[in-house]
>>> print(open('model_29.json').read())   # JSON, C-alpha atoms
[["chain", "number", "residue", "atom", "x", "y", "z"],
["I", 657, "MET", "CA", 0.00, 0.00, 0.00],
["I", 658, "LYS", "CA", 2.82, 2.37, 0.87],
["I", 659, "LYS", "CA", 4.56, 1.58, -2.42],
["I", 660, "LEU", "CA", 1.38, 2.31, -4.37],
["I", 661, "LEU", "CA", 0.87, 5.58, -2.52],
["I", 662, "PHE", "CA", 4.53, 6.48, -3.16],
["I", 663, "LEU", "CA", 4.14, 5.75, -6.90],
["I", 664, "LEU", "CA", 0.96, 7.82, -7.11],
["I", 665, "LEU", "CA", 2.72, 10.73, -5.47],
["I", 666, "LEU", "CA", 5.77, 10.32, -7.74],
["I", 667, "ILE", "CA", 3.83, 10.26, -11.05],
["I", 668, "PRO", "CA", 3.33, 14.06, -11.29],
["I", 669, "PHE", "CA", 7.08, 14.56, -10.95],
["I", 670, "LEU", "CA", 7.91, 12.03, -13.65],
["I", 671, "GLY", "CA", 5.80, 13.71, -16.32],
["I", 672, "HIS", "CA", 6.83, 17.14, -17.43],
["I", 673, "ALA", "CA", 4.89, 19.67, -19.47],
["I", 674, "GLN", "CA", 6.26, 20.84, -22.75],
["I", 675, "MET", "CA", 7.37, 24.45, -22.41],
["I", 676, "GLN", "CA", 5.56, 26.84, -24.71],
["I", 677, "LYS", "CA", 7.98, 29.17, -26.45],
["I", 678, "ILE", "CA", 7.43, 31.55, -29.30],
["I", 679, "GLU", "CA", 10.32, 30.75, -31.63],
["I", 680, "ASN", "CA", 9.08, 32.81, -34.59],
["I", 681, "PHE", "CA", 6.22, 35.15, -35.31],
["I", 682, "ILE", "CA", 4.62, 37.13, -38.10],
["I", 683, "VAL", "CA", 2.39, 40.20, -38.06],
["I", 684, "LYS", "CA", -0.86, 40.59, -39.97],
["I", 685, "GLU", "CA", -3.99, 42.68, -39.73],
["I", 686, "ASN", "CA", -6.40, 41.54, -37.05],
["I", 687, "LEU", "CA", -9.30, 39.51, -38.49],
["I", 688, "SER", "CA", -11.85, 41.94, -37.09],
["I", 689, "GLY", "CA", -10.41, 44.73, -39.29],
["I", 690, "ASN", "CA", -10.44, 47.23, -36.44],
["I", 691, "GLY", "CA", -7.12, 48.88, -37.31],
["I", 692, "LYS", "CA", -5.17, 46.64, -34.95],
["I", 693, "LEU", "CA", -2.41, 44.19, -35.74],
["I", 694, "ALA", "CA", -2.27, 40.52, -34.81],
["I", 695, "VAL", "CA", 0.98, 38.88, -33.75],
["I", 696, "ILE", "CA", 0.85, 35.27, -34.89],
["I", 697, "ALA", "CA", 3.17, 32.66, -33.37],
["I", 698, "VAL", "CA", 4.38, 30.40, -36.18],
["I", 699, "ASP", "CA", 6.56, 27.33, -36.52],
["I", 700, "SER", "CA", 9.48, 26.87, -38.90],
["I", 701, "ALA", "CA", 7.07, 26.25, -41.81],
["I", 702, "GLU", "CA", 5.30, 29.60, -41.12],
["I", 703, "LYS", "CA", 2.10, 27.83, -39.99],
["I", 704, "THR", "CA", 0.25, 29.07, -36.93],
["I", 705, "ASN", "CA", 1.43, 27.39, -33.74],
["I", 706, "GLU", "CA", -1.94, 26.89, -32.05],
["I", 707, "ARG", "CA", -0.36, 25.47, -28.88],
["I", 708, "ILE", "CA", 0.72, 28.96, -27.81],
["I", 709, "ASN", "CA", -1.67, 30.19, -25.12],
["I", 710, "GLY", "CA", -1.08, 32.61, -22.28],
["I", 711, "THR", "CA", 0.61, 35.94, -21.68],
["I", 712, "TYR", "CA", 3.92, 36.75, -23.38],
["I", 713, "LYS", "CA", 6.01, 39.91, -23.16],
["I", 714, "PHE", "CA", 6.73, 41.75, -26.39],
["I", 715, "SER", "CA", 8.63, 44.95, -26.93],
["I", 716, "ILE", "CA", 6.84, 47.02, -29.58],
["I", 717, "ASN", "CA", 8.91, 50.01, -30.74],
["I", 718, "GLY", "CA", 10.70, 49.95, -27.40],
["I", 719, "PHE", "CA", 7.58, 49.79, -25.21],
["I", 720, "THR", "CA", 6.99, 46.54, -23.31],
["I", 721, "GLN", "CA", 3.52, 45.05, -23.64],
["I", 722, "ASP", "CA", 1.98, 41.86, -22.35],
["I", 723, "LEU", "CA", 0.17, 40.15, -25.21],
["I", 724, "GLN", "CA", -2.53, 37.63, -24.41],
["I", 725, "PHE", "CA", -2.22, 34.72, -26.87],
["I", 726, "HIS", "CA", -5.13, 32.41, -27.72],
["I", 727, "ASP", "CA", -4.45, 29.59, -30.20],
["I", 728, "GLY", "CA", -1.21, 31.26, -31.30],
["I", 729, "ILE", "CA", -2.62, 34.76, -31.92],
["I", 730, "GLY", "CA", -2.06, 37.85, -29.79],
["I", 731, "VAL", "CA", -3.41, 41.35, -30.41],
["I", 732, "PRO", "CA", -1.64, 44.51, -29.14],
["I", 733, "ASN", "CA", -3.86, 47.15, -27.57],
["I", 734, "ASP", "CA", -2.87, 50.05, -29.83],
["I", 735, "LYS", "CA", -4.55, 50.88, -33.13],
["I", 736, "ILE", "CA", -2.53, 51.84, -36.18],
["I", 737, "GLU", "CA", -3.57, 55.34, -37.28],
["I", 738, "SER", "CA", -1.30, 55.72, -40.33],
["I", 739, "SER", "CA", 1.43, 53.91, -42.23],
["I", 740, "THR", "CA", 4.43, 53.37, -40.02],
["I", 741, "PHE", "CA", 7.43, 51.22, -39.15],
["I", 742, "VAL", "CA", 6.99, 48.88, -36.18],
["I", 743, "PHE", "CA", 9.70, 46.80, -34.49],
["I", 744, "PHE", "CA", 8.47, 43.74, -32.59],
["I", 745, "LYS", "CA", 10.79, 41.90, -30.23],
["I", 746, "HIS", "CA", 10.15, 38.85, -28.06],
["I", 747, "LYS", "CA", 12.67, 37.32, -25.68],
["I", 748, "ASN", "CA", 12.56, 33.65, -24.71],
["I", 749, "GLN", "CA", 14.70, 32.15, -21.96],
["I", 750, "ASP", "CA", 17.45, 31.22, -24.42],
["I", 751, "ARG", "CA", 17.26, 33.80, -27.23],
["I", 752, "SER", "CA", 15.32, 36.76, -28.54],
["I", 753, "LYS", "CA", 13.62, 37.30, -31.88],
["I", 754, "GLY", "CA", 13.10, 40.77, -33.32],
["I", 755, "ARG", "CA", 11.51, 41.75, -36.62],
["I", 756, "LEU", "CA", 10.92, 45.07, -38.32],
["I", 757, "PHE", "CA", 7.70, 45.58, -40.27],
["I", 758, "TYR", "CA", 6.39, 48.37, -42.44],
["I", 759, "ILE", "CA", 2.67, 48.69, -41.82],
["I", 760, "TYR", "CA", 0.85, 50.22, -44.80],
["I", 761, "LYS", "CA", -2.59, 51.59, -44.02],
["I", 762, "SER", "CA", -5.03, 51.95, -46.91],
["I", 763, "ASP", "CA", -8.79, 51.99, -47.39],
["I", 764, "LYS", "CA", -8.75, 48.19, -47.63],
["I", 765, "GLY", "CA", -7.04, 47.79, -44.25],
["I", 766, "LEU", "CA", -3.54, 47.17, -42.99],
["I", 767, "SER", "CA", -0.76, 45.40, -44.86],
["I", 768, "ALA", "CA", 2.39, 44.31, -43.04],
["I", 769, "PHE", "CA", 5.66, 43.95, -44.94],
["I", 770, "ALA", "CA", 8.64, 42.36, -43.16],
["I", 771, "ILE", "CA", 11.91, 44.20, -43.65],
["I", 772, "SER", "CA", 15.15, 42.23, -43.42],
["I", 773, "GLY", "CA", 17.94, 43.64, -41.30],
["I", 774, "LEU", "CA", 20.35, 42.94, -44.15],
["I", 775, "MET", "CA", 18.64, 45.65, -46.17],
["I", 776, "PHE", "CA", 20.17, 48.18, -43.78],
["I", 777, "LEU", "CA", 23.58, 46.96, -44.88],
["I", 778, "ILE", "CA", 22.90, 46.32, -48.57],
["I", 779, "ILE", "CA", 21.16, 49.62, -49.44],
["I", 780, "PRO", "CA", 23.91, 51.90, -48.02],
["I", 781, "ALA", "CA", 26.57, 49.70, -49.66],
["I", 782, "VAL", "CA", 24.83, 50.05, -53.05],
["I", 783, "ILE", "CA", 24.49, 53.81, -52.55],
["I", 784, "LEU", "CA", 28.18, 54.07, -51.67],
["I", 785, "LEU", "CA", 29.08, 51.96, -54.72],
["I", 786, "ILE", "CA", 27.00, 54.21, -56.99],
["I", 787, "ALA", "CA", 28.56, 57.30, -55.39],
["I", 788, "TYR", "CA", 32.03, 55.83, -55.91],
["I", 789, "ALA", "CA", 31.23, 55.02, -59.54],
["I", 790, "PHE", "CA", 29.72, 58.47, -60.01],
["I", 791, "LYS", "CA", 32.83, 60.00, -58.44],
["I", 792, "LYS", "CA", 35.00, 58.13, -60.97],
["I", 793, "LEU", "CA", 32.63, 59.14, -63.77],
["I", 794, "LEU", "CA", 32.63, 62.73, -62.57],
["I", 795, "LEU", "CA", 36.43, 62.73, -62.37],
["I", 796, "THR", "CA", 36.64, 61.30, -65.90],
["I", 797, "ALA", "CA", 34.19, 63.92, -67.18],
["I", 798, "ILE", "CA", 36.21, 66.71, -65.57],
["I", 799, "VAL", "CA", 39.45, 65.42, -67.09],
["I", 800, "LEU", "CA", 37.78, 65.14, -70.53],
["I", 801, "ALA", "CA", 36.34, 68.66, -70.19],
["I", 802, "VAL", "CA", 39.77, 70.07, -69.30],
["I", 803, "CYS", "CA", 41.33, 68.27, -72.29],
["I", 804, "PHE", "CA", 38.51, 69.49, -74.56],
["I", 805, "PHE", "CA", 38.91, 73.12, -73.45],
["I", 806, "PHE", "CA", 42.68, 72.90, -73.81],
["I", 807, "PHE", "CA", 42.49, 71.49, -77.36],
["I", 808, "ASN", "CA", 39.56, 73.76, -78.23],
["I", 809, "HIS", "CA", 41.45, 76.83, -77.14],
["I", 810, "SER", "CA", 44.90, 76.00, -78.46],
["I", 811, "GLN", "CA", 44.33, 73.57, -81.33],
["I", 812, "GLY", "CA", 40.96, 74.62, -82.80],
["I", 813, "LEU", "CA", 38.96, 71.53, -81.83],
["I", 814, "ASN", "CA", 35.24, 72.18, -81.43],
["I", 815, "ILE", "CA", 32.19, 70.18, -80.34],
["I", 816, "SER", "CA", 30.83, 69.66, -83.86],
["I", 817, "SER", "CA", 34.10, 68.02, -84.89],
["I", 818, "ILE", "CA", 33.91, 65.67, -81.93],
["I", 819, "ILE", "CA", 30.29, 64.69, -82.68],
["I", 820, "GLU", "CA", 31.05, 64.11, -86.37],
["I", 821, "SER", "CA", 34.04, 61.97, -85.41],
["I", 822, "ILE", "CA", 31.84, 59.88, -83.08],
["I", 823, "PHE", "CA", 29.17, 59.34, -85.75],
["I", 824, "ALA", "CA", 31.79, 58.48, -88.36],
["I", 825, "SER", "CA", 33.33, 55.89, -86.04],
["I", 826, "LEU", "CA", 29.90, 54.36, -85.36],
["I", 827, "LYS", "CA", 29.13, 54.19, -89.10],
["I", 828, "ASN", "CA", 32.45, 52.46, -89.72],
["I", 829, "LEU", "CA", 31.64, 49.88, -87.07],
["I", 830, "ILE", "CA", 28.18, 49.16, -88.47],
["I", 831, "PHE", "CA", 28.98, 49.14, -92.17]]
>>> encode(input="model_29.json", output="structure tokens")
Amino acid sequence: MKKLLFLLLLIPFLGHAQMQKIENFIVKENLSGNGKLAVIAVDSAEKTNERINGTYKFSINGFTQDLQFHDGIGVPNDKIESSTFVFFKHKNQDRSKGRLFYIYKSDKGLSAFAISGLMFLIIPAVILLIAYAFKKLLLTAIVLAVCFFFFNHSQGLNISSIIESIFASLKNLIF
């Protein structure tokens, strides 16, 4: 009898509940269309993780909010009044997940577009590359202009001669 009682008391300690963690999430317009967003807990295949229930802390644009999740969906309290950028961050025990979204508000409702953090590296790099190429192009144009003015002034070269020479060279290439 004592052994049976001991086993019955030990059973709750042997079984352990699976910890609910939000590993990934997406943001969409709330189904009620009330100008609010819905944070949806998803798995690795981007399907709603309906096992997520309870209160989870999220940082939304730096302000901490407790979101109440039911079947994997939580709705922040604030309405979206106009198009804006929103940064959502959730911290688990082992790691945190943050995502930046551009929320576009139109007559049809809200549309959320995820923005990759790599874009903040790629776009400035492309702009710098274009500026560098433009700098080289600008330097080349300045050198050519100086040469043109030098030959125009001292040797009698003019713009019509240059244009005729270009067209003649193109005709020779084609024909």
>>> atom_distance(input="model_29.json", atom1="CA of Asn717 (chain I)", atom2="CA of Asp699 (chain I)")
23.5 Å
>>> atom_distance(input="model_29.json", atom1="CA of Glu679 (chain I)", atom2="CA of Tyr758 (chain I)")
21.0 Å
>>> residues_around(input="model_29.json", residues="region 705-707 of chain I", least_positions_apart="4", cutoff="10 Å", atoms="all atoms listed in the file", output="list in words")
Gln676, Lys677, Ile678, Glu679, Asn680, Phe681, Ile696, Ala697, Val698, Asp699, Ser700, Ala701, Phe725, His726, Asp727, Gly728 and Ile729 of chain I
>>> residues_around(input="model_29.json", residues="Glu685 (chain I)", least_positions_apart="2", cutoff="12 Å", atoms="only C-alpha atoms", output="list in words")
Ile682, Val683, Leu687, Ser688, Gly689, Asn690, Gly691, Lys692, Leu693, Ala694, Val695, Ile696, Ile729, Gly730, Val731, Pro732, Lys735, Ile736, Ile759, Tyr760, Lys761, Ser762, Lys764, Gly765, Leu766, Ser767, Ala768 and Phe769 of chain I
>>> atom_distance(input="model_29.json", atom1="CA of Ile778 (chain I)", atom2="CA of Asp750 (chain I)")
29.0 Å
>>> closest_residue(input="model_29.json", among="I:His746, I:Asn709, I:Ile771, I:Thr704", to="Gln721 (chain I)", atoms="all atoms listed in the file")
I:His746
>>> closest_residue(input="model_29.json", among="I:Phe790, I:Phe741, I:Phe776, I:Phe714", to="Lys753 (chain I)", atoms="all atoms listed in the file")
I:Phe714
>>> closest_residue(input="model_29.json", among="I:Thr740, I:Ser715, I:Gln724, I:Ile779", to="Ser752 (chain I)", atoms="all atoms listed in the file")
I:Ser715
